[in-house]
Amino acid sequence: MSKQLPGSEDRKHKTLVIGLGSDVLGDDAFGLIVAQKLLDKGLDCLADIRLSCESGMKLLDHLLDYEKVIIVDSYLDPKGEAGKILTLPVEEDKTCAPCIHFFSIGQALALGRHLGLRVPSEVKAFAVVINEIKLSDEGLSPNVDKAVGAILGLVEEELRCTNSP
Amino acid sequence: MTTKVSIDPITRLEGHGRIDIFMDDSGKVEKAYLVIPELRGFEVFSRGRLAEDMPQITSRICGVCPTAHHMAGTKALDDLWKVDPPRSAKLLREFIYNTFMLEDHSLHFYVLGGPDFVVGPKAPKAERNVLGVIARVGLEVGLKVIQTRKMLRGIIEKLGGKVVHPVFGLPGGCARPIEKGELDEFKKIAQQGVEFALFTHKVLEDVVLKNKEYVGLITSDAYTHKTYYMGLVDDKNKVNFYDGKIRVVDPEGKEFLKFDIHDYINQIGEHVEPWTYMRFPFLKKVGWKGFVDGKDSGIYSVAPLARLNASDGMATPRAQEFYEMFFKTLGKPCHFTLANHWARVVELVYAAERMVELLNDPEIANPNVRTIPKEKPTVGMGVVEAPRGTLMHHYETDERGIITKANLIVATAHNAGRMFMGVDKAAKAFVKGPNVDEGLLNLVEMTFRAYDPCHACATHSLPGEMPLILRFRKSSDGSVIREVRSDEIRKK
């Protein structure tokens, strides 16, 4: 039987939407902006919605005790088509990261599962391609900004499907 | 014949580190370069902003060390407004800071150092990970690591408002005192932290120190560099993470410098190489003599090993006991890079004991936690010991408190010279030809893993880990023979 850690009682829903990024690093803020807009739309009636700038291992605390997690993030590809939306697989990964700054979500999930913690059975990631991460307070670049609406639609659809009887 | 090769510098935008290995025609390594992306443009970004926002802004640089940036920034603001926080605020800040250090160090030991030393550097790659560590030390211990971290993060979240971007430090004090009822709860967690830290040191003694092969690896020449060492010390030259003077010892362990943060510009120079944007700090009094060890070279390092070398001891009893064991076993000063892992565990014990000490000081519960600044701001500097080493923030403002200049020297920068030498030495020792396998890759990675370099931009990564790129080049013309990504080679 899986274990529950103290402090996980604040879960209101079985699904978590988590927007990742840093709000001072230009397009890297994409996930945070989408998550905030989901909250503004009142979609926290369907899922818990969080914003975080944490990385791999430190995200584990957020992900535990949910059945499903939807991650919204940016995908750095300097030569890619900025604003293109990707659906990325997030698989549990038992390899070792070379240092804390490299630890991935997949590695965190594998660790949680191995410890018998309640790791989500389904993790889906929506990401937008960005060309660069730069210190900026100018918000999103035009192509990335255009993708916000599309991702909102995808996440909302995913949530409604998840919650439909 | 070795041809001089100009390597296109990678920018921080690529989000990964790279090692370029230059080989002669027989496959012998002639030189290896570690290239670490560095966050640039911060000075320009900060200009025109309110100084009091800096602890919040700088904590957003990195998803791993936000508390360190927040605290260095907060101390720089104290200095900027020439305001001395009440003692209660200093105790509270130091408490939250030691909580962060305990959490971060435990994560590093079990998740990163553990696979190399609890499981073994030459163990099958399928076992050499955190799951392998748990298999050795027990599932309950793994759970204890996660639970302890969660409780520690709970303290930071309660006091700091949130874990990742704490809004705790203000110029002249803290945003709030410890509330009624929290003190007992925190004391209980701190005591659990001590037990956890002592258990961790026992794991290290039993699994690592009793294994002659591991000790042989730690003390091998491939992972040895004789450099200067830097760390913050208190008025008794004991390690202190939150405050004190910056002390530097030479490669023989003798005090070479002891200075206040305000003097850092006179003491630290920055060398620039054409192949990287990374700057290489060095001691001005010694000078930059290239990537070489020894007393005549200004290269120095920070991080746990450097802190222990630069100090005369630990300020808490059990940590002092382990400090003595450390140097009795390895000699002082200790030049073995991989001893950073043991030094980190000694510090883990100190952080936990210090949390208890701070909570037992009645003054920490004093509700007066702020002195309101009255002076006009000019220049402010703050320093703390981040888990990865000395972290310096320097701000200059106009009289309204608007930033006109900012400079940050982070631990990874301080360590750049020594890390560069370490990767070069390890590559020469272990890599024979471009067909490197995962085990050899790990032996090279181990040298910089000991420092846990911060890539600043790597706040998160999708879909997986950020890879380390290994690029093999011919020394004769610089052409690329082979390029491999660490994540790909590891999964094969």
# chains A, B, ... in the order shown; residues from 1 in each chain; ligands from 1

$ select_by_dssp --residues "chain A" --states "strand (DSSP E or B)" --output "ChimeraX atom specification"
/A:3,15-20,25,48-52,68-76,85-89,117,122-130,136

$ write_last_selection --atoms "C-alpha atoms" --output "PDB file, in the first residue's frame"
ATOM      1  CA  LYS A   3       2.239   5.894   1.826  1.00  0.00           C
ATOM      2  CA  THR A  15      -5.758  16.173 -10.567  1.00  0.00           C
ATOM      3  CA  LEU A  16      -3.038  18.804 -10.398  1.00  0.00           C
ATOM      4  CA  VAL A  17      -2.161  21.337 -13.055  1.00  0.00           C
ATOM      5  CA  ILE A  18       1.269  22.804 -12.413  1.00  0.00           C
ATOM      6  CA  GLY A  19       2.727  25.680 -14.405  1.00  0.00           C
ATOM      7  CA  LEU A  20       6.527  25.809 -14.342  1.00  0.00           C
ATOM      8  CA  LEU A  25      13.313  34.912 -17.519  1.00  0.00           C
ATOM      9  CA  ASP A  48      -5.708  21.962  -8.018  1.00  0.00           C
ATOM     10  CA  ILE A  49      -3.674  24.557  -9.895  1.00  0.00           C
ATOM     11  CA  ARG A  50      -0.192  25.604  -8.832  1.00  0.00           C
ATOM     12  CA  LEU A  51       2.649  27.774 -10.034  1.00  0.00           C
ATOM     13  CA  SER A  52       6.242  26.793  -9.345  1.00  0.00           C
ATOM     14  CA  LYS A  68      -3.105  12.778 -12.586  1.00  0.00           C
ATOM     15  CA  VAL A  69      -0.725  15.675 -13.147  1.00  0.00           C
ATOM     16  CA  ILE A  70      -0.724  18.076 -16.076  1.00  0.00           C
ATOM     17  CA  ILE A  71       2.504  20.040 -16.444  1.00  0.00           C
ATOM     18  CA  VAL A  72       2.625  23.261 -18.438  1.00  0.00           C
ATOM     19  CA  ASP A  73       6.100  24.422 -19.310  1.00  0.00           C
ATOM     20  CA  SER A  74       8.323  25.842 -21.991  1.00  0.00           C
ATOM     21  CA  TYR A  75      10.642  23.772 -24.161  1.00  0.00           C
ATOM     22  CA  LEU A  76      13.917  25.423 -25.016  1.00  0.00           C
ATOM     23  CA  ILE A  85       2.847  23.459 -28.961  1.00  0.00           C
ATOM     24  CA  LEU A  86       4.224  20.091 -27.936  1.00  0.00           C
ATOM     25  CA  THR A  87       2.739  17.263 -25.944  1.00  0.00           C
ATOM     26  CA  LEU A  88       5.654  15.595 -24.245  1.00  0.00           C
ATOM     27  CA  PRO A  89       5.856  12.217 -22.588  1.00  0.00           C
ATOM     28  CA  LEU A 117       4.722   7.078  -2.191  1.00  0.00           C
ATOM     29  CA  GLU A 122      -0.680   9.698 -15.386  1.00  0.00           C
ATOM     30  CA  VAL A 123       1.564  12.666 -16.086  1.00  0.00           C
ATOM     31  CA  LYS A 124       1.024  14.757 -19.174  1.00  0.00           C
ATOM     32  CA  ALA A 125       3.088  17.746 -20.238  1.00  0.00           C
ATOM     33  CA  PHE A 126       2.062  20.537 -22.559  1.00  0.00           C
ATOM     34  CA  ALA A 127       4.914  22.754 -23.620  1.00  0.00           C
ATOM     35  CA  VAL A 128       5.526  25.615 -25.960  1.00  0.00           C
ATOM     36  CA  VAL A 129       8.738  25.913 -27.948  1.00  0.00           C
ATOM     37  CA  ILE A 130      10.799  28.931 -26.971  1.00  0.00           C
ATOM     38  CA  SER A 136      13.498  40.176 -19.023  1.00  0.00           C
TER      39      SER A 136
END

$ residues_around --residues "Lys245 (chain B)" --least-positions-apart "6" --cutoff "12 Å" --atoms "only C-alpha atoms" --output "JSON, numbers by chain"
{"B": [230, 231, 232, 233, 234, 235, 236, 237, 238, 239, 257, 258, 259, 260, 261, 262, 263, 264, 310, 311, 382, 383, 384, 385, 390]}

$ write_last_selection --atoms "N, CA and C atoms" --output "short mmCIF file (atom, residue, chain, number, x, y, z; two decimals), in the first residue's frame"
data_model
loop_
_atom_site.label_atom_id
_atom_site.label_comp_id
_atom_site.auth_asym_id
_atom_site.auth_seq_id
_atom_site.Cartn_x
_atom_site.Cartn_y
_atom_site.Cartn_z
N MET B 230 38.48 29.16 0.50
CA MET B 230 37.78 30.33 1.05
C MET B 230 36.50 29.91 1.76
N GLY B 231 36.17 30.60 2.85
CA GLY B 231 34.90 30.34 3.53
C GLY B 231 34.63 31.40 4.58
N LEU B 232 33.34 31.55 4.94
CA LEU B 232 32.96 32.49 6.00
C LEU B 232 33.27 31.87 7.36
N VAL B 233 33.83 32.67 8.27
CA VAL B 233 34.08 32.18 9.63
C VAL B 233 33.58 33.20 10.65
N ASP B 234 33.27 32.70 11.85
CA ASP B 234 32.86 33.61 12.92
C ASP B 234 34.10 34.18 13.62
N ASP B 235 33.89 34.86 14.75
CA ASP B 235 35.03 35.52 15.39
C ASP B 235 36.02 34.54 16.02
N LYS B 236 35.64 33.25 16.06
CA LYS B 236 36.58 32.22 16.55
C LYS B 236 37.10 31.36 15.39
N ASN B 237 36.91 31.84 14.19
CA ASN B 237 37.31 31.12 12.97
C ASN B 237 36.58 29.80 12.78
N LYS B 238 35.37 29.72 13.34
CA LYS B 238 34.54 28.54 13.12
C LYS B 238 33.63 28.79 11.91
N VAL B 239 33.27 27.70 11.23
CA VAL B 239 32.39 27.80 10.06
C VAL B 239 31.08 28.49 10.44
N LEU B 257 44.40 35.33 4.05
CA LEU B 257 43.60 36.56 4.04
C LEU B 257 42.43 36.39 5.00
N LYS B 258 41.99 37.50 5.56
CA LYS B 258 40.73 37.51 6.30
C LYS B 258 40.16 38.90 6.07
N PHE B 259 39.04 38.95 5.39
CA PHE B 259 38.53 40.28 5.02
C PHE B 259 37.02 40.36 5.12
N ASP B 260 36.57 41.59 5.21
CA ASP B 260 35.16 41.90 5.24
C ASP B 260 34.65 41.91 3.79
N ILE B 261 33.37 41.63 3.61
CA ILE B 261 32.80 41.61 2.26
C ILE B 261 33.10 42.91 1.50
N HIS B 262 33.16 44.03 2.23
CA HIS B 262 33.39 45.31 1.54
C HIS B 262 34.75 45.38 0.85
N ASP B 263 35.61 44.45 1.19
CA ASP B 263 36.96 44.49 0.62
C ASP B 263 37.13 43.48 -0.52
N TYR B 264 36.01 42.86 -0.93
CA TYR B 264 36.16 41.77 -1.91
C TYR B 264 36.75 42.25 -3.23
N ALA B 310 39.16 26.25 5.45
CA ALA B 310 39.37 27.67 5.77
C ALA B 310 39.04 28.00 7.22
N SER B 311 38.53 27.03 7.97
CA SER B 311 38.12 27.30 9.35
C SER B 311 39.03 26.58 10.35
N GLY B 382 26.41 42.04 0.59
CA GLY B 382 26.02 40.97 1.50
C GLY B 382 26.69 39.68 1.09
N VAL B 383 27.00 38.86 2.09
CA VAL B 383 27.63 37.57 1.79
C VAL B 383 27.03 36.50 2.69
N VAL B 384 26.80 35.33 2.11
CA VAL B 384 26.43 34.13 2.88
C VAL B 384 27.19 32.96 2.29
N GLU B 385 27.17 31.85 3.00
CA GLU B 385 27.69 30.61 2.44
C GLU B 385 26.51 29.84 1.86
N THR B 390 30.66 30.31 -1.20
CA THR B 390 30.49 31.72 -0.86
C THR B 390 29.70 32.46 -1.95
#

$ closest_residue --among "A:Lys41, A:Lys58, A:Arg118, A:Lys146" --to "chain B" --atoms "only C-alpha atoms"
A:Lys58

$ closest_residue --among "A:Gly83, A:Tyr66, A:Leu109, A:Leu32" --to "Val144 (chain A)" --atoms "only C-alpha atoms"
A:Gly83

$ residues_around --residues "Gly169 (chain B)" --least-positions-apart "5" --cutoff "12 Å" --atoms "only C-alpha atoms" --output "PyMOL selection string"
chain B and resi 52-56+59+67-78+85+89-90+92-94+96-97+156+159-161+174-177+369-370

$ residues_around --residues "Val345 (chain B)" --least-positions-apart "6" --cutoff "8 Å" --atoms "only C-alpha atoms" --output "NGL selection string"
:B and (105-106 or 109 or 197 or 200-201)

$ write_last_selection --atoms "N, CA and C atoms" --output "compact mmCIF listing (two decimals), in the first residue's frame"
# COMPACT_ATOMS: atom_id res chain seq x y z
N HIS B 105 21.76 20.02 1.70
CA HIS B 105 22.88 19.09 1.87
C HIS B 105 22.41 17.63 1.93
N SER B 106 21.26 17.40 2.58
CA SER B 106 20.80 16.01 2.67
C SER B 106 20.40 15.51 1.29
N PHE B 109 23.63 14.68 -0.60
CA PHE B 109 24.33 13.47 -0.16
C PHE B 109 23.63 12.20 -0.65
N ALA B 197 20.75 13.84 10.79
CA ALA B 197 22.12 14.20 10.40
C ALA B 197 23.13 13.22 10.99
N THR B 200 23.01 10.07 9.14
CA THR B 200 23.66 10.21 7.83
C THR B 200 25.17 10.08 7.98
N HIS B 201 25.72 10.66 9.03
CA HIS B 201 27.17 10.52 9.22
C HIS B 201 27.54 9.07 9.51

$ closest_residue --among "B:Leu443, B:Ala426, B:Val248, B:Met381" --to "chain A" --atoms "only C-alpha atoms"
B:Leu443

$ select_by_dssp --residues "region 22-100 of chain A" --states "alpha helix (DSSP H)" --output "list of chain:residue names"
A:Phe30, A:Gly31, A:Leu32, A:Ile33, A:Val34, A:Ala35, A:Gln36, A:Lys37, A:Leu38, A:Leu39, A:Asp40, A:Gly56, A:Met57, A:Lys58, A:Leu59, A:Leu60, A:Asp61, A:His62, A:Leu63

$ write_last_selection --atoms "N, CA and C atoms" --output "PDB file, in the first residue's frame"
ATOM      1  N   PHE A  30       6.194  31.159 -19.377  1.00  0.00           N
ATOM      2  CA  PHE A  30       4.982  30.672 -20.061  1.00  0.00           C
ATOM      3  C   PHE A  30       4.097  29.807 -19.153  1.00  0.00           C
ATOM      4  N   GLY A  31       4.679  28.818 -18.516  1.00  0.00           N
ATOM      5  CA  GLY A  31       3.892  27.902 -17.683  1.00  0.00           C
ATOM      6  C   GLY A  31       3.196  28.614 -16.537  1.00  0.00           C
ATOM      7  N   LEU A  32       3.879  29.591 -15.961  1.00  0.00           N
ATOM      8  CA  LEU A  32       3.290  30.344 -14.844  1.00  0.00           C
ATOM      9  C   LEU A  32       2.098  31.176 -15.329  1.00  0.00           C
ATOM     10  N   ILE A  33       2.269  31.777 -16.503  1.00  0.00           N
ATOM     11  CA  ILE A  33       1.205  32.633 -17.046  1.00  0.00           C
ATOM     12  C   ILE A  33      -0.039  31.804 -17.360  1.00  0.00           C
ATOM     13  N   VAL A  34       0.176  30.636 -17.951  1.00  0.00           N
ATOM     14  CA  VAL A  34      -0.964  29.763 -18.276  1.00  0.00           C
ATOM     15  C   VAL A  34      -1.673  29.328 -16.989  1.00  0.00           C
ATOM     16  N   ALA A  35      -0.899  28.922 -15.985  1.00  0.00           N
ATOM     17  CA  ALA A  35      -1.513  28.461 -14.727  1.00  0.00           C
ATOM     18  C   ALA A  35      -2.311  29.589 -14.069  1.00  0.00           C
ATOM     19  N   GLN A  36      -1.772  30.793 -14.105  1.00  0.00           N
ATOM     20  CA  GLN A  36      -2.490  31.924 -13.512  1.00  0.00           C
ATOM     21  C   GLN A  36      -3.799  32.191 -14.249  1.00  0.00           C
ATOM     22  N   LYS A  37      -3.757  32.058 -15.577  1.00  0.00           N
ATOM     23  CA  LYS A  37      -4.979  32.284 -16.367  1.00  0.00           C
ATOM     24  C   LYS A  37      -6.020  31.194 -16.086  1.00  0.00           C
ATOM     25  N   LEU A  38      -5.545  29.983 -15.840  1.00  0.00           N
ATOM     26  CA  LEU A  38      -6.476  28.899 -15.483  1.00  0.00           C
ATOM     27  C   LEU A  38      -7.169  29.224 -14.161  1.00  0.00           C
ATOM     28  N   LEU A  39      -6.389  29.765 -13.232  1.00  0.00           N
ATOM     29  CA  LEU A  39      -6.976  30.172 -11.946  1.00  0.00           C
ATOM     30  C   LEU A  39      -7.982  31.304 -12.159  1.00  0.00           C
ATOM     31  N   ASP A  40      -7.600  32.270 -13.004  1.00  0.00           N
ATOM     32  CA  ASP A  40      -8.486  33.409 -13.271  1.00  0.00           C
ATOM     33  C   ASP A  40      -9.810  32.954 -13.898  1.00  0.00           C
ATOM     34  N   GLY A  56      13.168  19.522 -10.952  1.00  0.00           N
ATOM     35  CA  GLY A  56      13.045  18.088 -10.743  1.00  0.00           C
ATOM     36  C   GLY A  56      12.720  17.568  -9.365  1.00  0.00           C
ATOM     37  N   MET A  57      13.766  17.269  -8.601  1.00  0.00           N
ATOM     38  CA  MET A  57      13.590  16.621  -7.307  1.00  0.00           C
ATOM     39  C   MET A  57      12.691  17.444  -6.388  1.00  0.00           C
ATOM     40  N   LYS A  58      12.847  18.758  -6.460  1.00  0.00           N
ATOM     41  CA  LYS A  58      12.080  19.614  -5.563  1.00  0.00           C
ATOM     42  C   LYS A  58      10.606  19.686  -5.966  1.00  0.00           C
ATOM     43  N   LEU A  59      10.290  19.199  -7.171  1.00  0.00           N
ATOM     44  CA  LEU A  59       8.885  19.178  -7.587  1.00  0.00           C
ATOM     45  C   LEU A  59       8.134  17.988  -7.009  1.00  0.00           C
ATOM     46  N   LEU A  60       8.884  17.011  -6.538  1.00  0.00           N
ATOM     47  CA  LEU A  60       8.248  15.769  -6.080  1.00  0.00           C
ATOM     48  C   LEU A  60       7.167  16.041  -5.031  1.00  0.00           C
ATOM     49  N   ASP A  61       7.463  16.964  -4.113  1.00  0.00           N
ATOM     50  CA  ASP A  61       6.486  17.267  -3.058  1.00  0.00           C
ATOM     51  C   ASP A  61       5.140  17.699  -3.637  1.00  0.00           C
ATOM     52  N   HIS A  62       5.191  18.428  -4.764  1.00  0.00           N
ATOM     53  CA  HIS A  62       3.945  18.912  -5.374  1.00  0.00           C
ATOM     54  C   HIS A  62       3.152  17.778  -6.027  1.00  0.00           C
ATOM     55  N   LEU A  63       3.872  16.811  -6.565  1.00  0.00           N
ATOM     56  CA  LEU A  63       3.227  15.819  -7.420  1.00  0.00           C
ATOM     57  C   LEU A  63       2.595  14.657  -6.654  1.00  0.00           C
TER      58      LEU A  63
END

$ atom_distance --atom1 "CA of Pro171 (chain B)" --atom2 "CA of Met392 (chain B)"
16.5 Å

$ closest_residue --among "A:Glu67, A:Val155, A:Gly21, A:Lys12" --to "Cys45 (chain A)" --atoms "only C-alpha atoms"
A:Lys12
